[in-house]
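Peer 1: Once you've had a glance at the structure underneath, I'll fire off some questions.
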Amino acid sequence: MKFGWLTLALSPSPSEDAARIDQQIEQVCYAEKLGFSDIWLTEHYFTGESVYNDALLFAAALAMRTEKVRLGFAVVQAPFHHPVRLATQLALLDNLSKGRVDVGVGKGTVYNEYEFVGHGLRSHDSRERMNETIDILQRAWSGEPLDYDGVHYQVHAPEVRPRPYQKSGPPLWRSVISPSSFTECGRLGIPVLTSRLAVDRIKERWALYEAGLEEGGHDAETRARLLAQSALWRNVYIAKSNDQARDELAARYAEKTGRHMAHFDWYHVLALWKLAIILEGLYVHYKTGTASNPASDAFELQVPALIRRAQILM
């Protein structure tokens, strides 16, 4: 088992941004010294949730300050990048780091719709943009002329340079959570990283991934490599006692949530309104017996609370 570090680096205020960015660089260098195998950068905008915002540029700075630790993205939000420029930037980073780059690719999230609005986009076509971006990345790193006619991108170039340091380019990872996604990624031979997975589900999901690898016809060496590098994200908070850790986390979460809510606009109000309606409808069906019972009795307690929370936030 190897240990890495995912840097969801929060800066509480603009006045602290410069210091927090410097701290992140120092901490990454120290993580390498301690023997961590990889560092994973996040990409979020406008709230200070990822203080460096531009994970690609920040990774280039880290590549110049480190020698061994791998530099990963969890994840690059594909809709916010033109795929040819992204392919070029990642190929350059792969050369600067001498082949230490891993690229998790995602479509963004409707929970952060303001990020799409801030980039002049909306999230309704984010999955299509992500799929086209992945396709273009793989073609761009093949060393062949690039010709692509998609719905969102039409690109034609003799060749994308520089050529990546790693053969066929940096590995493209997928962030997965559903059982079908594990099976599909295994079948396609795609490295996976996951979070928010209950402990009792980990073995089950990894078995699905292994079955997918078998179904995909991958050789024994490839199957062993992909299984060994499968990544699971877990939050860790260190304090002198469990009670102290819970109290401090609760206080920090409340503070962060308050700051985050200050960025809400009418798009988020509408989303919360829709969420309240959906949850209320599900709860009514559950209580009247017109829908199958949820797996946990906690559902009956949780849904009314979620409805109230969504209505309060509106």
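Each chain in the structure tokens gets a letter, A, B, ..., in the order shown, and its residues are numbered from 1; ligands are numbered from 1 in order too.
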Quick one: everything within 10 Å of Ala74 of chain A, counting only C-alpha atoms, minus sequence neighbours fewer than 5 positions away in the same chain. Send it as a list in words.

Peer 2: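 Answer for this query is Leu6, Thr7, Leu8, Ile39, Trp40, Leu41, Thr42, Glu43, Ala55, Asp102, Val103, Gly104, Val105, Gly106, Trp173, Arg174, Ser175, Leu193 and Thr194 of chain A.
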
Peer 1: Report as JSON, numbers by chain all protein, DNA and RNA residues lying within 8 Å of segment 77-94 of chain A, evaluated on only C-alpha atoms, omitting residues in the same chain fewer than 2 positions from it.

Peer 2: {"A": [43, 56, 59, 60, 63, 75, 96, 97, 98, 99, 100, 101, 105, 106, 107, 108, 116, 119, 126, 129, 130, 133, 134, 136, 137, 140, 141, 155, 160, 161, 162, 163, 164, 165, 166, 169, 170]}

Peer 1: Mind writing the picked residues with N, CA and C atoms as an mmCIF file, in the first residue's frame?

Peer 2:
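To be explicit, this is the file written out as out_32.cif:
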data_model
loop_
_atom_site.group_PDB
_atom_site.id
_atom_site.type_symbol
_atom_site.label_atom_id
_atom_site.label_comp_id
_atom_site.auth_asym_id
_atom_site.auth_seq_id
_atom_site.Cartn_x
_atom_site.Cartn_y
_atom_site.Cartn_z
ATOM 1 N N GLU A 43 -9.136 21.252 -8.644
ATOM 2 C CA GLU A 43 -9.370 22.437 -9.473
ATOM 3 C C GLU A 43 -10.727 23.042 -9.132
ATOM 4 N N LEU A 56 -2.870 23.277 -13.218
ATOM 5 C CA LEU A 56 -1.836 22.952 -14.200
ATOM 6 C C LEU A 56 -0.594 23.807 -13.997
ATOM 7 N N ALA A 59 1.086 22.858 -10.767
ATOM 8 C CA ALA A 59 1.822 21.591 -10.902
ATOM 9 C C ALA A 59 3.181 21.807 -11.549
ATOM 10 N N ALA A 60 3.270 22.767 -12.483
ATOM 11 C CA ALA A 60 4.555 23.063 -13.115
ATOM 12 C C ALA A 60 5.547 23.598 -12.087
ATOM 13 N N ALA A 63 6.685 20.667 -10.074
ATOM 14 C CA ALA A 63 7.609 19.821 -10.832
ATOM 15 C C ALA A 63 9.040 20.320 -10.713
ATOM 16 N N VAL A 75 -9.819 16.522 -9.791
ATOM 17 C CA VAL A 75 -9.568 16.187 -11.178
ATOM 18 C C VAL A 75 -9.413 17.478 -11.975
ATOM 19 N N LEU A 96 8.540 18.328 -18.070
ATOM 20 C CA LEU A 96 9.171 19.044 -16.953
ATOM 21 C C LEU A 96 9.351 18.141 -15.737
ATOM 22 N N SER A 97 8.404 17.247 -15.525
ATOM 23 C CA SER A 97 8.455 16.367 -14.356
ATOM 24 C C SER A 97 9.154 15.049 -14.639
ATOM 25 N N LYS A 98 9.588 14.857 -15.874
ATOM 26 C CA LYS A 98 10.215 13.601 -16.312
ATOM 27 C C LYS A 98 9.276 12.410 -16.105
ATOM 28 N N GLY A 99 8.022 12.614 -16.539
ATOM 29 C CA GLY A 99 7.072 11.504 -16.558
ATOM 30 C C GLY A 99 6.409 11.201 -15.240
ATOM 31 N N ARG A 100 6.158 12.224 -14.425
ATOM 32 C CA ARG A 100 5.557 11.983 -13.102
ATOM 33 C C ARG A 100 4.101 12.451 -13.018
ATOM 34 N N VAL A 101 3.411 12.548 -14.153
ATOM 35 C CA VAL A 101 2.073 13.140 -14.184
ATOM 36 C C VAL A 101 0.987 12.073 -14.323
ATOM 37 N N VAL A 105 -9.668 13.026 -14.903
ATOM 38 C CA VAL A 105 -10.505 13.896 -15.723
ATOM 39 C C VAL A 105 -11.938 13.826 -15.217
ATOM 40 N N GLY A 106 -12.561 14.996 -15.073
ATOM 41 C CA GLY A 106 -13.946 15.059 -14.614
ATOM 42 C C GLY A 106 -14.738 16.071 -15.415
ATOM 43 N N LYS A 107 -16.049 16.057 -15.207
ATOM 44 C CA LYS A 107 -16.935 16.950 -15.958
ATOM 45 C C LYS A 107 -17.368 18.159 -15.152
ATOM 46 N N GLY A 108 -16.871 18.299 -13.896
ATOM 47 C CA GLY A 108 -17.387 19.348 -13.032
ATOM 48 C C GLY A 108 -18.652 18.864 -12.340
ATOM 49 N N PHE A 116 -19.262 27.072 -13.676
ATOM 50 C CA PHE A 116 -19.610 27.080 -15.097
ATOM 51 C C PHE A 116 -20.022 28.488 -15.525
ATOM 52 N N HIS A 119 -17.227 30.781 -16.118
ATOM 53 C CA HIS A 119 -16.473 30.518 -17.345
ATOM 54 C C HIS A 119 -17.337 30.722 -18.597
ATOM 55 N N SER A 126 -21.836 19.225 -19.926
ATOM 56 C CA SER A 126 -20.492 19.012 -19.386
ATOM 57 C C SER A 126 -19.971 17.600 -19.658
ATOM 58 N N ARG A 129 -18.747 17.442 -23.250
ATOM 59 C CA ARG A 129 -17.468 18.143 -23.395
ATOM 60 C C ARG A 129 -16.325 17.304 -22.821
ATOM 61 N N MET A 130 -16.573 16.665 -21.678
ATOM 62 C CA MET A 130 -15.536 15.835 -21.073
ATOM 63 C C MET A 130 -15.174 14.665 -21.994
ATOM 64 N N THR A 133 -13.149 15.826 -24.859
ATOM 65 C CA THR A 133 -11.808 16.208 -24.406
ATOM 66 C C THR A 133 -10.925 14.985 -24.228
ATOM 67 N N ILE A 134 -11.444 13.936 -23.601
ATOM 68 C CA ILE A 134 -10.673 12.706 -23.404
ATOM 69 C C ILE A 134 -10.263 12.110 -24.743
ATOM 70 N N ILE A 136 -9.859 13.681 -27.597
ATOM 71 C CA ILE A 136 -8.854 14.528 -28.243
ATOM 72 C C ILE A 136 -7.493 14.382 -27.560
ATOM 73 N N LEU A 137 -7.464 14.284 -26.232
ATOM 74 C CA LEU A 137 -6.203 14.093 -25.514
ATOM 75 C C LEU A 137 -5.489 12.831 -26.002
ATOM 76 N N ALA A 140 -4.234 13.389 -29.491
ATOM 77 C CA ALA A 140 -3.175 14.396 -29.560
ATOM 78 C C ALA A 140 -1.828 13.827 -29.145
ATOM 79 N N TRP A 141 -1.841 12.859 -28.237
ATOM 80 C CA TRP A 141 -0.588 12.295 -27.737
ATOM 81 C C TRP A 141 -0.111 11.089 -28.536
ATOM 82 N N VAL A 155 -11.102 20.350 -34.465
ATOM 83 C CA VAL A 155 -9.686 20.733 -34.461
ATOM 84 C C VAL A 155 -8.924 19.947 -35.528
ATOM 85 N N VAL A 160 0.673 17.565 -32.312
ATOM 86 C CA VAL A 160 0.723 18.332 -31.066
ATOM 87 C C VAL A 160 2.094 18.133 -30.431
ATOM 88 N N ARG A 161 2.754 19.207 -30.158
ATOM 89 C CA ARG A 161 4.082 19.196 -29.538
ATOM 90 C C ARG A 161 4.049 20.036 -28.273
ATOM 91 N N PRO A 162 4.929 19.731 -27.270
ATOM 92 C CA PRO A 162 5.913 18.648 -27.294
ATOM 93 C C PRO A 162 5.259 17.282 -27.117
ATOM 94 N N ARG A 163 5.968 16.263 -27.551
ATOM 95 C CA ARG A 163 5.489 14.906 -27.327
ATOM 96 C C ARG A 163 5.631 14.590 -25.836
ATOM 97 N N PRO A 164 4.655 13.926 -25.217
ATOM 98 C CA PRO A 164 4.749 13.613 -23.787
ATOM 99 C C PRO A 164 5.970 12.756 -23.457
ATOM 100 N N TYR A 165 6.439 12.866 -22.236
ATOM 101 C CA TYR A 165 7.578 12.089 -21.769
ATOM 102 C C TYR A 165 7.180 10.619 -21.614
ATOM 103 N N GLN A 166 5.983 10.369 -21.071
ATOM 104 C CA GLN A 166 5.498 9.004 -20.899
ATOM 105 C C GLN A 166 4.933 8.491 -22.226
ATOM 106 N N GLY A 169 1.444 9.222 -23.466
ATOM 107 C CA GLY A 169 0.972 10.351 -22.678
ATOM 108 C C GLY A 169 0.699 10.001 -21.230
ATOM 109 N N PRO A 170 0.456 11.007 -20.392
ATOM 110 C CA PRO A 170 0.156 10.762 -18.982
ATOM 111 C C PRO A 170 -1.083 9.874 -18.837
#

Peer 1: Please, which residues of segment 1-162 of chain A, numbered as in this document, come out helix (DSSP H, G or I) from DSSP, as a VMD selection string?

Peer 2: chain A and resid 14 to 34 55 to 65 78 to 80 83 to 96 110 to 118 123 to 140

Peer 1: Filtering to C-alpha atoms, could you give me those residues as a compact mmCIF listing (two decimals), in the first residue's frame?

Peer 2:
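As a result, part32.txt now contains:
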# COMPACT_ATOMS: atom_id res chain seq x y z
CA PRO A 14 -7.84 36.99 -0.58
CA SER A 15 -5.32 38.62 1.74
CA GLU A 16 -4.06 35.15 2.72
CA ASP A 17 -3.79 33.71 -0.82
CA ALA A 18 -0.08 34.39 -1.33
CA ALA A 19 0.92 32.87 2.02
CA ARG A 20 -1.30 29.83 1.49
CA ILE A 21 0.17 29.17 -1.95
CA ASP A 22 3.69 29.28 -0.47
CA GLN A 23 2.57 26.91 2.31
CA GLN A 24 1.24 24.44 -0.24
CA ILE A 25 4.58 24.33 -2.04
CA GLU A 26 6.43 23.80 1.25
CA GLN A 27 4.04 21.05 2.30
CA VAL A 28 4.35 19.21 -1.02
CA CYS A 29 8.15 19.29 -0.73
CA TYR A 30 7.90 17.98 2.83
CA ALA A 31 5.44 15.24 1.77
CA GLU A 32 7.99 14.04 -0.79
CA LYS A 33 10.69 14.05 1.92
CA LEU A 34 8.41 11.95 4.17
CA ALA A 55 -3.83 23.37 -10.97
CA LEU A 56 -1.84 22.95 -14.20
CA LEU A 57 0.34 26.01 -13.63
CA PHE A 58 0.75 25.13 -9.96
CA ALA A 59 1.82 21.59 -10.90
CA ALA A 60 4.56 23.06 -13.12
CA ALA A 61 5.91 24.94 -10.09
CA LEU A 62 5.83 21.72 -8.06
CA ALA A 63 7.61 19.82 -10.83
CA MET A 64 10.54 22.24 -10.47
CA ARG A 65 10.69 21.77 -6.69
CA ALA A 78 -12.54 19.26 -18.65
CA PRO A 79 -15.27 21.76 -19.68
CA PHE A 80 -13.10 24.67 -18.50
CA PRO A 83 -8.67 20.18 -25.25
CA VAL A 84 -5.77 21.03 -27.60
CA ARG A 85 -4.34 23.58 -25.17
CA LEU A 86 -4.89 21.10 -22.33
CA ALA A 87 -3.05 18.37 -24.27
CA THR A 88 -0.14 20.76 -24.90
CA GLN A 89 0.07 21.92 -21.29
CA LEU A 90 -0.05 18.38 -19.91
CA ALA A 91 2.58 17.17 -22.40
CA LEU A 92 4.89 20.01 -21.35
CA LEU A 93 4.27 19.25 -17.66
CA ASP A 94 5.02 15.58 -18.32
CA ASN A 95 8.40 16.58 -19.75
CA LEU A 96 9.17 19.04 -16.95
CA VAL A 110 -23.82 20.93 -10.76
CA TYR A 111 -23.30 21.66 -7.06
CA ASN A 112 -20.70 24.21 -8.25
CA GLU A 113 -22.78 25.66 -11.08
CA TYR A 114 -21.25 29.07 -10.37
CA GLU A 115 -17.94 27.73 -11.74
CA PHE A 116 -19.61 27.08 -15.10
CA VAL A 117 -21.32 30.48 -15.05
CA GLY A 118 -17.99 32.14 -14.25
CA SER A 123 -23.33 22.34 -16.89
CA HIS A 124 -25.99 20.71 -19.10
CA ASP A 125 -23.45 19.58 -21.70
CA SER A 126 -20.49 19.01 -19.39
CA ARG A 127 -20.39 15.23 -19.87
CA GLU A 128 -20.31 15.62 -23.66
CA ARG A 129 -17.47 18.14 -23.39
CA MET A 130 -15.54 15.84 -21.07
CA ASN A 131 -15.91 12.83 -23.39
CA GLU A 132 -14.74 14.85 -26.40
CA THR A 133 -11.81 16.21 -24.41
CA ILE A 134 -10.67 12.71 -23.40
CA ASP A 135 -10.90 11.55 -27.01
CA ILE A 136 -8.85 14.53 -28.24
CA LEU A 137 -6.20 14.09 -25.51
CA GLN A 138 -5.61 10.49 -26.50
CA ARG A 139 -5.39 11.36 -30.19
CA ALA A 140 -3.17 14.40 -29.56

Peer 1: Rank A:Asp38, A:Glu184, A:Glu215, A:Asp54 by their smallest atom-to-atom distance to Gly4 of chain A, using only C-alpha atoms, and report the top residue only.

Peer 2: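 Ranking A:Asp38, A:Glu184, A:Glu215, A:Asp54 by distance to Gly4 of chain A, first place goes to A:Asp38.
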
Peer 1: To one decimal place, how far is atom CA of Ala228 of chain A from atom CA of Ala9 of chain A in Å?

Peer 2: 27.2 Å

Peer 1: Out of A:Thr222, A:Leu232, A:Ser180, A:Phe73, which residue has the shortest atom-to-atom distance to Lys203 of chain A when counting only C-alpha atoms?

Peer 2: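 Closest to Lys203 of chain A, using only C-alpha atoms: A:Leu232.
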
Peer 1: Among segment 12-98 of chain A, which residues does DSSP mark as strand (DSSP E) when it is run on the backbone? Keep the chain and numbering as in the structure and answer as an MDAnalysis selection string.

Peer 2: chainID A and resid 38:41 70:77

Peer 1: Please dump the current selection as a CSV table (one decimal), in the first residue's frame; keep N, CA and C atoms.

Peer 2:
chain,number,residue,atom,x,y,z
A,38,ASP,N,2.5,10.2,-4.0
A,38,ASP,CA,1.9,11.0,-5.0
A,38,ASP,C,1.2,12.2,-4.3
A,39,ILE,N,1.0,13.3,-5.1
A,39,ILE,CA,0.3,14.5,-4.7
A,39,ILE,C,-0.8,14.7,-5.7
A,40,TRP,N,-2.0,14.9,-5.2
A,40,TRP,CA,-3.2,15.1,-6.0
A,40,TRP,C,-3.7,16.6,-5.9
A,41,LEU,N,-3.8,17.3,-7.0
A,41,LEU,CA,-4.3,18.7,-6.9
A,41,LEU,C,-5.7,18.7,-7.4
A,70,ARG,N,4.9,11.7,-7.6
A,70,ARG,CA,4.1,11.8,-8.7
A,70,ARG,C,3.1,13.0,-8.5
A,71,LEU,N,2.7,13.6,-9.6
A,71,LEU,CA,1.8,14.8,-9.5
A,71,LEU,C,0.6,14.5,-10.3
A,72,GLY,N,-0.5,14.4,-9.5
A,72,GLY,CA,-1.8,14.0,-10.1
A,72,GLY,C,-2.9,15.1,-10.0
A,73,PHE,N,-3.9,15.0,-10.8
A,73,PHE,CA,-5.0,15.9,-10.8
A,73,PHE,C,-6.3,15.2,-10.4
A,74,ALA,N,-7.0,15.7,-9.4
A,74,ALA,CA,-8.2,15.0,-8.9
A,74,ALA,C,-9.3,16.0,-8.7
A,75,VAL,N,-9.8,16.5,-9.8
A,75,VAL,CA,-9.6,16.2,-11.2
A,75,VAL,C,-9.4,17.5,-12.0
A,76,VAL,N,-9.0,17.3,-13.3
A,76,VAL,CA,-9.0,18.4,-14.2
A,76,VAL,C,-10.5,18.5,-14.7
A,77,GLN,N,-11.1,19.7,-14.5
A,77,GLN,CA,-12.5,19.9,-14.9
A,77,GLN,C,-12.5,20.2,-16.4

Peer 1: If you measure from atom CA of Arg187 of chain A to atom CA of Glu214 of chain A, what distance in Å do you get, rounded to one decimal?

Peer 2: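 For atom CA of Arg187 of chain A relative to atom CA of Glu214 of chain A, the distance reads 7.2 Å.
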
Peer 1: For each of A:Ile177, A:Ile190, A:Ala198, A:Cys185, take the minimum atom-to-atom distance to Gly212 of chain A, counting only C-alpha atoms, then give the residue where this is smallest.

Peer 2: A:Cys185

Peer 1: Can you work out which one of A:Ser142, A:Pro12, A:Ser230, A:Leu213 has the shortest atom-to-atom distance to Ser168 of chain A, counting only C-alpha atoms?

Peer 2: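 Using only C-alpha atoms, the shortest distance to Ser168 of chain A belongs to A:Ser142.
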
Peer 1: Quick one: distance from atom CA of Asn53 of chain A to atom CA of Glu255 of chain A in Å, one decimal?

Peer 2: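 If I compute the distance from atom CA of Asn53 of chain A to atom CA of Glu255 of chain A, I get 20.6 Å.
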